[in-house]
file target-v8.cif (mmCIF, C-alpha atoms)
data_final
#
loop_
_atom_site.group_PDB
_atom_site.id
_atom_site.type_symbol
_atom_site.label_atom_id
_atom_site.label_comp_id
_atom_site.auth_asym_id
_atom_site.auth_seq_id
_atom_site.Cartn_x
_atom_site.Cartn_y
_atom_site.Cartn_z
ATOM 1 C CA MET A 1 0.000 0.000 0.000
ATOM 2 C CA ARG A 2 1.458 3.337 -0.920
ATOM 3 C CA LYS A 3 0.457 6.906 -1.663
ATOM 4 C CA THR A 4 -0.052 7.627 -5.348
ATOM 5 C CA HIS A 5 -2.556 10.475 -5.691
ATOM 6 C CA PRO A 6 -2.647 14.106 -4.521
ATOM 7 C CA THR A 7 -6.148 13.458 -3.158
ATOM 8 C CA SER A 8 -4.569 11.022 -0.734
ATOM 9 C CA ILE A 9 -2.422 13.815 0.745
ATOM 10 C CA ASN A 10 -5.428 16.096 1.300
ATOM 11 C CA PHE A 11 -7.373 13.207 2.714
ATOM 12 C CA ILE A 12 -4.609 12.449 5.164
ATOM 13 C CA THR A 13 -3.969 16.002 6.341
ATOM 14 C CA ASP A 14 -7.649 16.798 6.875
ATOM 15 C CA ASN A 15 -8.034 13.777 9.119
ATOM 16 C CA LEU A 16 -4.801 14.235 11.119
ATOM 17 C CA ILE A 17 -3.416 10.803 10.338
ATOM 18 C CA SER A 18 -0.881 10.001 7.644
ATOM 19 C CA GLU A 19 -1.558 7.380 5.028
ATOM 20 C CA PHE A 20 1.478 5.404 6.115
ATOM 21 C CA SER A 21 0.440 5.617 9.764
ATOM 22 C CA LEU A 22 -2.984 4.321 8.771
ATOM 23 C CA ILE A 23 -1.407 1.379 6.954
ATOM 24 C CA ASP A 24 1.008 0.604 9.787
ATOM 25 C CA ARG A 25 -1.652 0.826 12.470
ATOM 26 C CA PHE A 26 -4.470 -1.133 10.872
ATOM 27 C CA PHE A 27 -3.104 -3.253 8.031
ATOM 28 C CA LYS A 28 0.603 -4.051 8.350
ATOM 29 C CA ARG A 29 1.099 -7.555 9.710
ATOM 30 C CA GLN A 30 3.974 -9.999 9.769
ATOM 31 C CA THR A 31 3.845 -12.232 6.678
ATOM 32 C CA THR A 32 3.594 -15.948 7.362
ATOM 33 C CA ASN A 33 3.804 -17.528 3.931
ATOM 34 C CA PRO A 34 7.241 -18.644 2.719
ATOM 35 C CA SER A 35 6.308 -17.675 -0.855
ATOM 36 C CA VAL A 36 6.103 -14.009 0.197
ATOM 37 C CA ALA A 37 9.632 -12.598 -0.131
ATOM 38 C CA GLN A 38 8.498 -8.961 0.344
ATOM 39 C CA GLY A 39 5.179 -7.740 1.677
ATOM 40 C CA ILE A 40 4.030 -4.242 2.653
ATOM 41 C CA GLY A 41 6.801 -1.645 2.851
ATOM 42 C CA ASP A 42 8.220 -1.300 -0.653
ATOM 43 C CA ASP A 43 6.984 -0.188 -4.075
ATOM 44 C CA CYS A 44 6.060 -3.774 -4.993
ATOM 45 C CA ALA A 45 5.515 -7.048 -3.213
ATOM 46 C CA LEU A 46 7.726 -9.982 -4.181
ATOM 47 C CA LEU A 47 6.480 -13.561 -4.459
ATOM 48 C CA SER A 48 8.361 -16.743 -5.272
ATOM 49 C CA MET A 49 6.397 -19.520 -6.973
ATOM 50 C CA PRO A 50 7.024 -23.122 -5.910
ATOM 51 C CA ASN A 51 7.788 -25.599 -8.677
ATOM 52 C CA GLY A 52 4.768 -27.360 -10.133
ATOM 53 C CA TYR A 53 2.244 -24.594 -9.413
ATOM 54 C CA GLU A 54 0.471 -21.851 -11.340
ATOM 55 C CA LEU A 55 -0.678 -18.532 -9.906
ATOM 56 C CA ALA A 56 -4.430 -17.922 -9.822
ATOM 57 C CA ILE A 57 -5.399 -14.229 -9.632
ATOM 58 C CA THR A 58 -8.798 -12.629 -9.024
ATOM 59 C CA THR A 59 -10.059 -9.123 -8.232
ATOM 60 C CA ASP A 60 -13.360 -8.000 -6.717
ATOM 61 C CA THR A 61 -14.579 -4.504 -5.877
ATOM 62 C CA MET A 62 -17.349 -3.652 -3.421
ATOM 63 C CA VAL A 63 -19.023 -0.225 -3.525
ATOM 64 C CA GLU A 64 -21.209 1.283 -0.813
ATOM 65 C CA ASN A 65 -24.945 1.171 -1.682
ATOM 66 C CA VAL A 66 -24.218 -1.191 -4.584
ATOM 67 C CA HIS A 67 -22.696 -4.237 -2.871
ATOM 68 C CA PHE A 68 -23.387 -3.395 0.768
ATOM 69 C CA PHE A 69 -25.629 -1.156 2.827
ATOM 70 C CA ALA A 70 -24.273 2.142 4.145
ATOM 71 C CA ASP A 71 -24.857 0.995 7.737
ATOM 72 C CA CYS A 72 -23.153 -2.368 7.202
ATOM 73 C CA ASN A 73 -21.214 -3.632 10.214
ATOM 74 C CA PRO A 74 -17.540 -2.954 9.342
ATOM 75 C CA PHE A 75 -16.371 -6.261 10.863
ATOM 76 C CA ASP A 76 -18.796 -8.118 8.593
ATOM 77 C CA LEU A 77 -17.703 -5.985 5.647
ATOM 78 C CA GLY A 78 -14.030 -6.791 6.182
ATOM 79 C CA HIS A 79 -14.863 -10.494 6.363
ATOM 80 C CA LYS A 80 -17.090 -10.461 3.295
ATOM 81 C CA LEU A 81 -14.691 -8.451 1.137
ATOM 82 C CA LEU A 82 -12.013 -11.076 1.623
ATOM 83 C CA ALA A 83 -14.449 -14.005 1.508
ATOM 84 C CA VAL A 84 -15.766 -13.207 -1.972
ATOM 85 C CA ASN A 85 -12.229 -13.240 -3.338
ATOM 86 C CA LEU A 86 -11.267 -16.458 -1.551
ATOM 87 C CA SER A 87 -14.431 -17.988 -2.994
ATOM 88 C CA ASP A 88 -13.170 -17.220 -6.514
ATOM 89 C CA LEU A 89 -9.921 -19.005 -5.703
ATOM 90 C CA ALA A 90 -11.881 -21.932 -4.261
ATOM 91 C CA SER A 91 -13.880 -22.302 -7.469
ATOM 92 C CA MET A 92 -10.657 -23.031 -9.353
ATOM 93 C CA GLY A 93 -9.186 -25.310 -6.707
ATOM 94 C CA ALA A 94 -6.522 -22.794 -5.693
ATOM 95 C CA LYS A 95 -4.946 -22.543 -2.261
ATOM 96 C CA PRO A 96 -5.014 -18.903 -1.065
ATOM 97 C CA LEU A 97 -1.600 -17.281 -0.791
ATOM 98 C CA ALA A 98 -1.782 -13.487 -0.495
ATOM 99 C CA VAL A 99 -3.969 -10.464 -1.209
ATOM 100 C CA THR A 100 -3.696 -6.764 -1.925
ATOM 101 C CA LEU A 101 -6.224 -4.273 -0.566
ATOM 102 C CA ALA A 102 -7.220 -0.905 -2.039
ATOM 103 C CA LEU A 103 -9.336 1.367 0.163
ATOM 104 C CA THR A 104 -11.147 4.484 -1.009
ATOM 105 C CA LEU A 105 -12.537 6.176 2.097
ATOM 106 C CA PRO A 106 -14.696 9.308 2.481
ATOM 107 C CA LYS A 107 -13.001 10.028 5.827
ATOM 108 C CA VAL A 108 -10.782 8.410 8.420
ATOM 109 C CA ASP A 109 -12.928 6.792 11.095
ATOM 110 C CA GLU A 110 -10.520 4.939 13.346
ATOM 111 C CA ASN A 111 -13.186 2.840 15.065
ATOM 112 C CA TRP A 112 -14.593 1.815 11.675
ATOM 113 C CA LEU A 113 -11.126 0.965 10.342
ATOM 114 C CA GLN A 114 -10.269 -1.124 13.393
ATOM 115 C CA ALA A 115 -13.475 -3.173 13.134
ATOM 116 C CA PHE A 116 -13.022 -3.582 9.371
ATOM 117 C CA ALA A 117 -9.419 -4.726 9.816
ATOM 118 C CA ASP A 118 -10.453 -7.131 12.591
ATOM 119 C CA GLY A 119 -13.019 -8.804 10.325
ATOM 120 C CA PHE A 120 -10.609 -8.907 7.389
ATOM 121 C CA PHE A 121 -7.707 -10.404 9.318
ATOM 122 C CA ALA A 122 -9.823 -12.873 11.286
ATOM 123 C CA LEU A 123 -10.632 -14.583 7.985
ATOM 124 C CA ALA A 124 -7.143 -14.023 6.534
ATOM 125 C CA GLU A 125 -5.517 -15.744 9.497
ATOM 126 C CA ARG A 126 -7.920 -18.661 9.197
ATOM 127 C CA TYR A 127 -6.592 -19.366 5.701
ATOM 128 C CA SER A 128 -2.976 -18.214 6.279
ATOM 129 C CA VAL A 129 -3.410 -15.361 3.773
ATOM 130 C CA ASP A 130 -0.898 -12.499 3.840
ATOM 131 C CA LEU A 131 -1.827 -8.898 3.022
ATOM 132 C CA ILE A 132 1.114 -7.804 0.858
ATOM 133 C CA GLY A 133 0.151 -4.366 -0.503
ATOM 134 C CA GLY A 134 -2.477 -2.114 -2.022
ATOM 135 C CA ASP A 135 -3.449 1.547 -1.897
ATOM 136 C CA THR A 136 -5.453 4.107 0.086
ATOM 137 C CA THR A 137 -7.140 7.240 -1.196
ATOM 138 C CA SER A 138 -10.140 9.497 -0.521
ATOM 139 C CA GLY A 139 -13.551 9.322 -2.157
ATOM 140 C CA SER A 140 -16.800 7.381 -1.983
ATOM 141 C CA LEU A 141 -16.408 4.190 0.048
ATOM 142 C CA THR A 142 -15.004 1.600 -2.364
ATOM 143 C CA LEU A 143 -13.088 -1.527 -1.398
ATOM 144 C CA THR A 144 -11.025 -3.705 -3.745
ATOM 145 C CA VAL A 145 -9.124 -6.918 -3.100
ATOM 146 C CA THR A 146 -6.881 -8.773 -5.497
ATOM 147 C CA ALA A 147 -6.334 -12.337 -4.294
ATOM 148 C CA LEU A 148 -3.527 -14.683 -5.330
ATOM 149 C CA GLY A 149 -3.591 -18.447 -4.987
ATOM 150 C CA LEU A 150 -1.604 -21.515 -5.993
ATOM 151 C CA VAL A 151 -2.985 -24.399 -8.038
ATOM 152 C CA PRO A 152 -1.096 -27.435 -9.380
ATOM 153 C CA THR A 153 0.059 -26.791 -12.942
ATOM 154 C CA GLY A 154 -2.581 -27.755 -15.498
ATOM 155 C CA GLN A 155 -5.153 -28.815 -12.874
ATOM 156 C CA ALA A 156 -7.149 -25.646 -12.220
ATOM 157 C CA LEU A 157 -10.920 -26.137 -12.240
ATOM 158 C CA ARG A 158 -12.572 -24.244 -15.072
ATOM 159 C CA ARG A 159 -16.000 -23.237 -16.377
ATOM 160 C CA SER A 160 -15.396 -24.527 -19.896
ATOM 161 C CA THR A 161 -15.000 -28.263 -19.329
ATOM 162 C CA ALA A 162 -18.459 -29.585 -18.399
ATOM 163 C CA LYS A 163 -19.562 -32.581 -20.482
ATOM 164 C CA PRO A 164 -22.997 -33.964 -21.417
ATOM 165 C CA GLY A 165 -23.962 -36.613 -18.890
ATOM 166 C CA ASP A 166 -22.084 -34.919 -16.020
ATOM 167 C CA ILE A 167 -23.871 -34.810 -12.678
ATOM 168 C CA ILE A 168 -24.449 -31.239 -11.433
ATOM 169 C CA CYS A 169 -23.696 -30.843 -7.723
ATOM 170 C CA VAL A 170 -23.643 -28.034 -5.178
ATOM 171 C CA THR A 171 -22.155 -27.659 -1.730
ATOM 172 C CA GLY A 172 -24.176 -26.391 1.226
ATOM 173 C CA HIS A 173 -27.622 -24.824 1.009
ATOM 174 C CA LEU A 174 -29.042 -22.484 -1.611
ATOM 175 C CA GLY A 175 -30.871 -19.239 -0.893
ATOM 176 C CA ASP A 176 -29.841 -18.667 2.725
ATOM 177 C CA ALA A 177 -27.906 -15.498 1.867
ATOM 178 C CA GLY A 178 -30.786 -14.365 -0.343
ATOM 179 C CA LEU A 179 -33.086 -14.819 2.632
ATOM 180 C CA GLY A 180 -30.671 -12.760 4.721
ATOM 181 C CA LEU A 181 -31.033 -9.941 2.196
ATOM 182 C CA LYS A 182 -34.834 -10.250 2.331
ATOM 183 C CA ILE A 183 -34.659 -9.991 6.135
ATOM 184 C CA ASN A 184 -32.551 -6.829 5.842
ATOM 185 C CA GLN A 185 -35.188 -5.471 3.475
ATOM 186 C CA GLY A 186 -37.993 -6.106 5.981
ATOM 187 C CA TYR A 187 -39.088 -9.744 5.672
ATOM 188 C CA ASP A 188 -40.166 -11.090 9.081
ATOM 189 C CA CYS A 189 -38.295 -14.358 9.633
ATOM 190 C CA LYS A 190 -38.919 -16.223 12.878
ATOM 191 C CA GLN A 191 -35.342 -17.543 13.044
ATOM 192 C CA PRO A 192 -33.199 -15.017 11.158
ATOM 193 C CA ASP A 193 -29.742 -15.585 12.674
ATOM 194 C CA ALA A 194 -28.437 -18.297 10.333
ATOM 195 C CA ALA A 195 -29.598 -16.515 7.175
ATOM 196 C CA LEU A 196 -28.181 -13.178 8.309
ATOM 197 C CA LYS A 197 -24.836 -14.790 9.087
ATOM 198 C CA ARG A 198 -24.742 -16.400 5.632
ATOM 199 C CA PHE A 199 -25.429 -13.001 4.066
ATOM 200 C CA ASN A 200 -23.067 -10.965 6.244
ATOM 201 C CA GLN A 201 -20.240 -13.461 6.755
ATOM 202 C CA PRO A 202 -20.182 -16.002 3.899
ATOM 203 C CA ASP A 203 -17.864 -18.951 4.267
ATOM 204 C CA PRO A 204 -15.650 -19.502 1.189
ATOM 205 C CA GLN A 205 -15.420 -23.194 0.338
ATOM 206 C CA VAL A 206 -11.632 -23.222 0.015
ATOM 207 C CA ALA A 207 -10.955 -26.777 1.204
ATOM 208 C CA PHE A 208 -13.820 -28.156 -0.899
ATOM 209 C CA GLY A 209 -12.439 -26.513 -4.035
ATOM 210 C CA GLN A 210 -9.039 -28.085 -3.523
ATOM 211 C CA ALA A 211 -10.667 -31.471 -2.895
ATOM 212 C CA LEU A 212 -12.378 -31.294 -6.304
ATOM 213 C CA ILE A 213 -9.114 -31.189 -8.268
ATOM 214 C CA GLY A 214 -8.853 -34.267 -10.462
ATOM 215 C CA ILE A 215 -12.513 -35.169 -9.844
ATOM 216 C CA ALA A 216 -14.755 -32.324 -11.032
ATOM 217 C CA ASN A 217 -14.917 -31.473 -14.724
ATOM 218 C CA ALA A 218 -16.098 -27.880 -14.233
ATOM 219 C CA CYS A 219 -16.698 -25.582 -11.270
ATOM 220 C CA ILE A 220 -17.882 -22.088 -10.350
ATOM 221 C CA ASP A 221 -18.763 -20.313 -7.123
ATOM 222 C CA ILE A 222 -22.352 -19.197 -6.612
ATOM 223 C CA SER A 223 -22.032 -15.436 -6.231
ATOM 224 C CA ASP A 224 -24.810 -14.170 -8.514
ATOM 225 C CA GLY A 225 -27.326 -17.008 -8.084
ATOM 226 C CA LEU A 226 -27.379 -20.667 -9.109
ATOM 227 C CA VAL A 227 -29.082 -20.144 -12.471
ATOM 228 C CA GLY A 228 -26.811 -17.292 -13.516
ATOM 229 C CA ASP A 229 -23.585 -18.916 -12.397
ATOM 230 C CA LEU A 230 -24.453 -22.369 -13.726
ATOM 231 C CA GLY A 231 -25.296 -20.490 -16.911
ATOM 232 C CA HIS A 232 -21.669 -19.361 -17.145
ATOM 233 C CA ILE A 233 -20.551 -23.001 -17.097
ATOM 234 C CA LEU A 234 -23.112 -23.878 -19.753
ATOM 235 C CA GLN A 235 -22.103 -20.988 -21.988
ATOM 236 C CA GLN A 236 -18.383 -21.635 -21.679
ATOM 237 C CA SER A 237 -18.811 -25.408 -22.147
ATOM 238 C CA GLN A 238 -21.462 -25.048 -24.897
ATOM 239 C CA VAL A 239 -23.895 -27.406 -23.164
ATOM 240 C CA GLY A 240 -27.248 -27.237 -21.346
ATOM 241 C CA ALA A 241 -28.661 -28.540 -18.079
ATOM 242 C CA SER A 242 -31.696 -30.071 -16.441
ATOM 243 C CA ILE A 243 -32.353 -29.364 -12.753
ATOM 244 C CA GLU A 244 -34.660 -31.163 -10.310
ATOM 245 C CA TRP A 245 -36.452 -28.692 -8.033
ATOM 246 C CA GLU A 246 -37.111 -31.298 -5.357
ATOM 247 C CA SER A 247 -33.373 -32.065 -5.173
ATOM 248 C CA LEU A 248 -32.310 -28.506 -4.319
ATOM 249 C CA PRO A 249 -30.750 -28.278 -0.829
ATOM 250 C CA LEU A 250 -32.954 -25.717 0.929
ATOM 251 C CA SER A 251 -32.924 -24.874 4.624
ATOM 252 C CA GLU A 252 -36.096 -24.933 6.693
ATOM 253 C CA GLU A 253 -36.051 -21.129 6.842
ATOM 254 C CA VAL A 254 -35.897 -20.824 3.047
ATOM 255 C CA LEU A 255 -38.702 -23.362 2.660
ATOM 256 C CA ASN A 256 -40.791 -21.355 5.136
ATOM 257 C CA TYR A 257 -40.059 -18.177 3.163
ATOM 258 C CA ILE A 258 -41.232 -19.835 -0.067
ATOM 259 C CA GLU A 259 -44.400 -21.060 1.641
ATOM 260 C CA ASP A 260 -45.072 -17.572 3.035
ATOM 261 C CA THR A 261 -44.400 -15.634 -0.158
ATOM 262 C CA GLY A 262 -44.725 -18.053 -3.073
ATOM 263 C CA ASP A 263 -41.311 -16.833 -4.259
ATOM 264 C CA TRP A 264 -39.953 -20.254 -5.204
ATOM 265 C CA ALA A 265 -37.434 -18.735 -7.649
ATOM 266 C CA MET A 266 -35.481 -16.944 -4.903
ATOM 267 C CA PRO A 267 -33.036 -19.791 -4.094
ATOM 268 C CA LEU A 268 -32.385 -20.233 -7.819
ATOM 269 C CA THR A 269 -31.574 -16.601 -8.516
ATOM 270 C CA ALA A 270 -30.411 -14.963 -5.251
ATOM 271 C CA GLY A 271 -26.709 -14.241 -4.947
ATOM 272 C CA ASP A 272 -24.142 -14.226 -2.141
ATOM 273 C CA ASP A 273 -24.333 -17.936 -1.240
ATOM 274 C CA TYR A 274 -20.664 -18.469 -2.182
ATOM 275 C CA GLU A 275 -21.163 -22.215 -2.352
ATOM 276 C CA LEU A 276 -19.618 -24.236 -5.190
ATOM 277 C CA CYS A 277 -21.534 -25.532 -8.192
ATOM 278 C CA PHE A 278 -19.609 -28.234 -10.039
ATOM 279 C CA THR A 279 -20.054 -31.016 -12.554
ATOM 280 C CA VAL A 280 -18.586 -34.489 -12.310
ATOM 281 C CA SER A 281 -18.631 -37.542 -14.574
ATOM 282 C CA PRO A 282 -20.966 -40.296 -13.289
ATOM 283 C CA ASP A 283 -18.040 -42.698 -12.880
ATOM 284 C CA LYS A 284 -16.228 -40.224 -10.582
ATOM 285 C CA VAL A 285 -19.115 -39.365 -8.261
ATOM 286 C CA LYS A 286 -17.949 -42.142 -5.944
ATOM 287 C CA ASN A 287 -14.625 -40.317 -5.563
ATOM 288 C CA LEU A 288 -16.197 -37.183 -4.058
ATOM 289 C CA THR A 289 -15.048 -36.693 -0.478
ATOM 290 C CA ILE A 290 -16.901 -33.464 0.287
ATOM 291 C CA PRO A 291 -20.533 -32.954 1.361
ATOM 292 C CA HIS A 292 -22.602 -32.242 -1.738
ATOM 293 C CA THR A 293 -26.063 -32.495 -3.257
ATOM 294 C CA LYS A 294 -26.817 -33.773 -6.759
ATOM 295 C CA ILE A 295 -29.295 -31.384 -8.363
ATOM 296 C CA GLY A 296 -29.279 -32.208 -12.064
ATOM 297 C CA VAL A 297 -27.493 -33.326 -15.207
ATOM 298 C CA ILE A 298 -25.557 -31.622 -18.003
ATOM 299 C CA GLU A 299 -27.370 -31.967 -21.340
ATOM 300 C CA SER A 300 -26.261 -31.595 -24.957
ATOM 301 C CA LEU A 301 -28.941 -29.037 -25.881
ATOM 302 C CA PRO A 302 -28.423 -25.461 -24.637
ATOM 303 C CA GLY A 303 -30.518 -23.830 -21.909
ATOM 304 C CA ILE A 304 -31.679 -24.822 -18.430
ATOM 305 C CA GLN A 305 -34.748 -26.995 -17.959
ATOM 306 C CA LEU A 306 -36.310 -27.158 -14.489
ATOM 307 C CA ASN A 307 -38.418 -30.123 -13.411
ATOM 308 C CA LYS A 308 -40.700 -28.800 -10.664
ATOM 309 C CA SER A 309 -43.253 -31.302 -9.436
ATOM 310 C CA GLY A 310 -43.277 -33.040 -12.805
ATOM 311 C CA ILE A 311 -43.730 -29.828 -14.785
ATOM 312 C CA ILE A 312 -40.823 -28.966 -17.097
ATOM 313 C CA GLN A 313 -40.104 -25.291 -17.648
ATOM 314 C CA SER A 314 -37.259 -23.337 -19.191
ATOM 315 C CA LEU A 315 -35.305 -20.963 -16.992
ATOM 316 C CA GLU A 316 -33.819 -17.753 -18.306
ATOM 317 C CA VAL A 317 -30.056 -17.945 -17.916
ATOM 318 C CA LYS A 318 -29.363 -14.555 -16.403
ATOM 319 C CA SER A 319 -27.228 -13.217 -13.576
ATOM 320 C CA PHE A 320 -26.730 -9.797 -12.005
ATOM 321 C CA GLU A 321 -25.382 -7.172 -14.430
ATOM 322 C CA HIS A 322 -24.088 -3.830 -13.147
ATOM 323 C CA PHE A 323 -24.737 -1.972 -16.402
ATOM 324 C CA SER A 324 -27.998 -3.593 -17.504
#
call {"tool": "encode", "arguments": {"input": "target-v8.cif", "output": "structure tokens"}}
result
Amino acid sequence: MRKTHPTSINFITDNLISEFSLIDRFFKRQTTNPSVAQGIGDDCALLSMPNGYELAITTDTMVENVHFFADCNPFDLGHKLLAVNLSDLASMGAKPLAVTLALTLPKVDENWLQAFADGFFALAERYSVDLIGGDTTSGSLTLTVTALGLVPTGQALRRSTAKPGDIICVTGHLGDAGLGLKINQGYDCKQPDAALKRFNQPDPQVAFGQALIGIANACIDISDGLVGDLGHILQQSQVGASIEWESLPLSEEVLNYIEDTGDWAMPLTAGDDYELCFTVSPDKVKNLTIPHTKIGVIESLPGIQLNKSGIIQSLEVKSFEHFS
């Protein structure tokens, strides 16, 4: 993290704390990974790659009032910002290594920064992830992480390798985070805690992703909803899918929500679950060592067909678009 813009200087002076003091106080930690030769403190970080591995790289940005509410708990926000990037690494079977963090802040709020850093590093320490650099500047609250991970050479899980006849599987439950959003928007849920935790503090399926290497044909994380993200696999692999509604793994709270509202599409389209959706050849299903649910099959013809109580209907393959 280093100062690069004149706005950063004004931002610092007005708030009586230097940019470098901010970095040292809230974000500079001792690196723990042997692949990190140089972390925060120089113009660039330095990484050494072990033999037999490729570097997986992903970047996600979160903007206030687009990706999170203005009154979002900063601890939860720090956790979620890192979690969504680790989830991308998980979807390709990569082991997290290090991240960079860019913060655009409207002001320096030391209590907010401390809580944010606590949430960020609590998850980082859980996965032995080092923060190795980034940037700080002033402006509307915008948070960006670039995450780096290691995956065995030639074995990364991809979206483009699903095959007709593959079994479609997911980890965990679908729609819990979507229910958490509905609760934040006013839905009265009798037992809201689990859904709110899934929405505010998603759990990236890092170990599960690594366990799928050599078994799954294709994989993606469910960030924008099952239908939209499965649709990316189908588009990249030039195949289609059939899904069984009754096979979807839905929590009791989500089932109660559907009964209350009739909104049965929510667990198919709601984002922020950060579970894994993957396809596996029928002869390799027996090799799966992670908890999973079989929800459908990859087909030759394009599109997604849903079997709901014996009625077949086509689903529109669409996910969240910022500029639509």
call {"tool": "atom_distance", "arguments": {"input": "target-v8.cif", "atom1": "atom CA of A:Ser35", "atom2": "atom CA of A:Ala94"}}
result
14.6 Å
call {"tool": "resolve_selection", "arguments": {"input": "target-v8.cif", "expression": "the PyMOL selection byres ((chain A and resi 224) around 9)", "output": "MDAnalysis selection string"}}
result
chainID A and resid 221:223 225:229 269:274 319:320
call {"tool": "resolve_selection", "arguments": {"input": "target-v8.cif", "expression": "the PyMOL selection byres ((chain A and resi 251) around 10)", "output": "list in words"}}
result
Gly172, His173, Leu174, Gly175, Asp176, Ala194, Ala195, Leu248, Pro249, Leu250, Glu252, Glu253, Val254, Leu255, Asn256 and Tyr257 of chain A
call {"tool": "atom_distance", "arguments": {"input": "target-v8.cif", "atom1": "atom CA of A:Val129", "atom2": "atom CA of A:Gly149"}}
result
9.3 Å
call {"tool": "resolve_selection", "arguments": {"input": "target-v8.cif", "expression": "the PyMOL selection byres ((chain A and resi 104-121) around 7)", "output": "PyMOL selection string"}}
result
chain A and resi 15+26-27+74-79+82+102-103+122-125+136-143
call {"tool": "closest_residue", "arguments": {"input": "target-v8.cif", "among": "A:Glu275, A:Gly178, A:Asn33, A:Leu150", "to": "A:Gly52", "atoms": "only C-alpha atoms"}}
result
A:Leu150
call {"tool": "atom_distance", "arguments": {"input": "target-v8.cif", "atom1": "atom CA of A:Val206", "atom2": "atom CA of A:Ile290"}}
result
11.5 Å
call {"tool": "residues_near_point", "arguments": {"input": "target-v8.cif", "point": "(-9.1, -12.0, -4.4)", "cutoff": "8 Å", "atoms": "all atoms listed in the file", "output": "list of chain:residue names"}}
result
A:Ile57, A:Thr58, A:Thr59, A:Asp60, A:Leu82, A:Val84, A:Asn85, A:Leu86, A:Asp88, A:Leu89, A:Val99, A:Thr100, A:Val145, A:Thr146, A:Ala147, A:Leu148
call {"tool": "closest_residue", "arguments": {"input": "target-v8.cif", "among": "A:Leu131, A:Phe199, A:Met49, A:His292", "to": "A:Phe69", "atoms": "only C-alpha atoms"}}
result
A:Phe199
